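Note sheet for the following structure.
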Amino acid sequence: MSRMWIACGVVVGVCTLSVGGEWLLERRARDAFLEEGRLGVRRLYDASIAYYSEEHAGQNGSILARQFPAPVGLTPNRPPDDGEAHRYRDDDWDSPTWKALTFVGPGTQPLRYAYFSGGTGDDAWFKARAVGRLDGALHVLERAGFIGQTREEGGHLLHAVLEEHASQ
């Protein structure tokens, strides 16, 4: 009898580990995805403040009003597959904005980045965004910043999960 109970205990333990192990792997993949998005958006935020703080000259050599780099759409322009590791190409980041921010996609997660900006001087603002699809849901991570009368102001990181529903 005791051998039967030991065998049952082993089977239950293996099943529990396999289910728990799968959950743990999914959790780690989700955490890596979100952490890379957070870090990418944070790098864009820090680079934006540094860019604004420096003087920049126009094509004719005149000093430009303080501003953030020009907006740029989702990069890379092709979406990676759901949850699959993604390798960025060097030419994905050839935009003058990405070069001004010295930004290249930070890793292999299926994320795309966008940058929005406008205004000059005390009215300057920007938004840095990471977008990616994981487990069928669209994740958007965004952080905004603007220049106040005395210093830069920044918002907290916004993380939205937009569920995808099949049309009926």
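If you're wondering about the labels, chains in the structure tokens are A, B, ... by order shown, residues count from 1 in each chain, ligands from 1 in order shown.
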> Quick one: residues within 8 Å of A:Leu162, only C-alpha atoms counted, chain neighbours fewer than 6 positions away excluded, as a list of chain:residue names?
Replying inline: A:Ala137, A:Leu138, A:His139, A:Val140
>> At a cut-off of 12 Å, using only C-alpha atoms, what residues contact A:Ile147? Leave out same-chain residues fewer than 3 positions from it and give the result as an NGL selection string.
In response: :A and (48-49 or 52-53 or 66-68 or 117-126 or 144 or 150-155)
> Using the chain letters and numbers from this document, which residues of stretch 33-131 of chain A does DSSP assign to helix (DSSP H, G or I), as a VMD selection string?
Replying inline: chain A and resid 33 to 53 90 to 93 96 to 100 121 to 123
> A:Ala47, A:Lys127, A:Arg89, A:Ser95: which is nearest A:Gly107, counting only C-alpha atoms?
Replying inline: A:Arg89
Name all residues at most 9 Å from stretch 37-44 of chain A (count only C-alpha atoms; drop same-chain ones fewer than 3 positions away) and give them as a short mmCIF file (atom, residue, chain, number, x, y, z; two decimals) with N, CA and C atoms, in the first residue's frame.
data_model
loop_
_atom_site.label_atom_id
_atom_site.label_comp_id
_atom_site.auth_asym_id
_atom_site.auth_seq_id
_atom_site.Cartn_x
_atom_site.Cartn_y
_atom_site.Cartn_z
N ALA A 32 9.90 39.93 -18.67
CA ALA A 32 10.99 40.39 -19.54
C ALA A 32 10.46 41.35 -20.59
N PHE A 33 9.31 41.05 -21.15
CA PHE A 33 8.67 41.91 -22.15
C PHE A 33 8.39 43.29 -21.57
N LEU A 34 7.75 43.32 -20.40
CA LEU A 34 7.39 44.60 -19.79
C LEU A 34 8.62 45.36 -19.31
N ALA A 47 16.99 60.60 -22.57
CA ALA A 47 17.65 61.18 -23.74
C ALA A 47 16.93 62.44 -24.22
N SER A 48 15.62 62.49 -24.07
CA SER A 48 14.85 63.67 -24.48
C SER A 48 15.21 64.88 -23.62
N ILE A 49 15.31 64.68 -22.33
CA ILE A 49 15.67 65.78 -21.42
C ILE A 49 17.09 66.25 -21.73
N LEU A 101 18.53 61.02 -30.36
CA LEU A 101 18.32 60.48 -29.01
C LEU A 101 19.28 59.33 -28.71
N THR A 102 20.15 59.03 -29.64
CA THR A 102 21.07 57.88 -29.55
C THR A 102 20.33 56.63 -29.07
N PHE A 103 19.22 56.35 -29.73
CA PHE A 103 18.36 55.25 -29.32
C PHE A 103 18.35 54.16 -30.37
N VAL A 104 18.52 52.95 -29.91
CA VAL A 104 18.36 51.73 -30.71
C VAL A 104 17.55 50.79 -29.85
N GLY A 105 16.61 50.08 -30.46
CA GLY A 105 15.80 49.13 -29.70
C GLY A 105 16.65 48.32 -28.74
N PRO A 106 16.27 48.25 -27.47
CA PRO A 106 17.14 47.69 -26.46
C PRO A 106 17.34 46.19 -26.47
N GLN A 109 12.77 41.67 -27.43
CA GLN A 109 11.34 41.51 -27.20
C GLN A 109 10.56 42.08 -28.39
N LEU A 111 8.77 44.43 -29.45
CA LEU A 111 8.32 45.80 -29.16
C LEU A 111 8.65 46.73 -30.32
N ARG A 112 7.81 47.73 -30.49
CA ARG A 112 8.05 48.81 -31.44
C ARG A 112 7.99 50.11 -30.65
N TYR A 113 8.73 51.11 -31.10
CA TYR A 113 8.82 52.37 -30.37
C TYR A 113 8.35 53.52 -31.25
N TYR A 115 7.79 58.09 -31.09
CA TYR A 115 8.14 59.32 -30.37
C TYR A 115 7.29 60.45 -30.92
N LYS A 127 6.27 62.62 -25.94
CA LYS A 127 5.78 61.34 -25.43
C LYS A 127 6.64 60.25 -26.05
N ALA A 128 7.09 59.32 -25.24
CA ALA A 128 7.84 58.15 -25.69
C ALA A 128 6.94 56.94 -25.49
N ARG A 129 6.85 56.09 -26.50
CA ARG A 129 5.90 54.98 -26.43
C ARG A 129 6.55 53.69 -26.90
N ALA A 130 6.25 52.60 -26.19
CA ALA A 130 6.60 51.24 -26.61
C ALA A 130 5.31 50.47 -26.80
N VAL A 131 5.20 49.75 -27.90
CA VAL A 131 3.99 49.01 -28.22
C VAL A 131 4.38 47.59 -28.60
N GLY A 132 3.65 46.61 -28.07
CA GLY A 132 3.93 45.23 -28.44
C GLY A 132 2.76 44.33 -28.14
N VAL A 140 0.68 48.81 -24.37
CA VAL A 140 1.20 50.14 -24.68
C VAL A 140 1.83 50.69 -23.41
N LEU A 141 3.12 51.04 -23.49
CA LEU A 141 3.81 51.69 -22.37
C LEU A 141 4.21 53.08 -22.85
N GLU A 142 3.88 54.09 -22.07
CA GLU A 142 4.11 55.46 -22.51
C GLU A 142 4.54 56.33 -21.34
N ARG A 143 5.42 57.25 -21.64
CA ARG A 143 5.82 58.25 -20.65
C ARG A 143 5.92 59.59 -21.36
N LEU A 157 4.99 56.41 -15.74
CA LEU A 157 4.84 55.45 -16.82
C LEU A 157 3.39 54.97 -16.86
#
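Atom CA of A:Pro76 sits 5.4 Å away from atom CA of A:Asp92.
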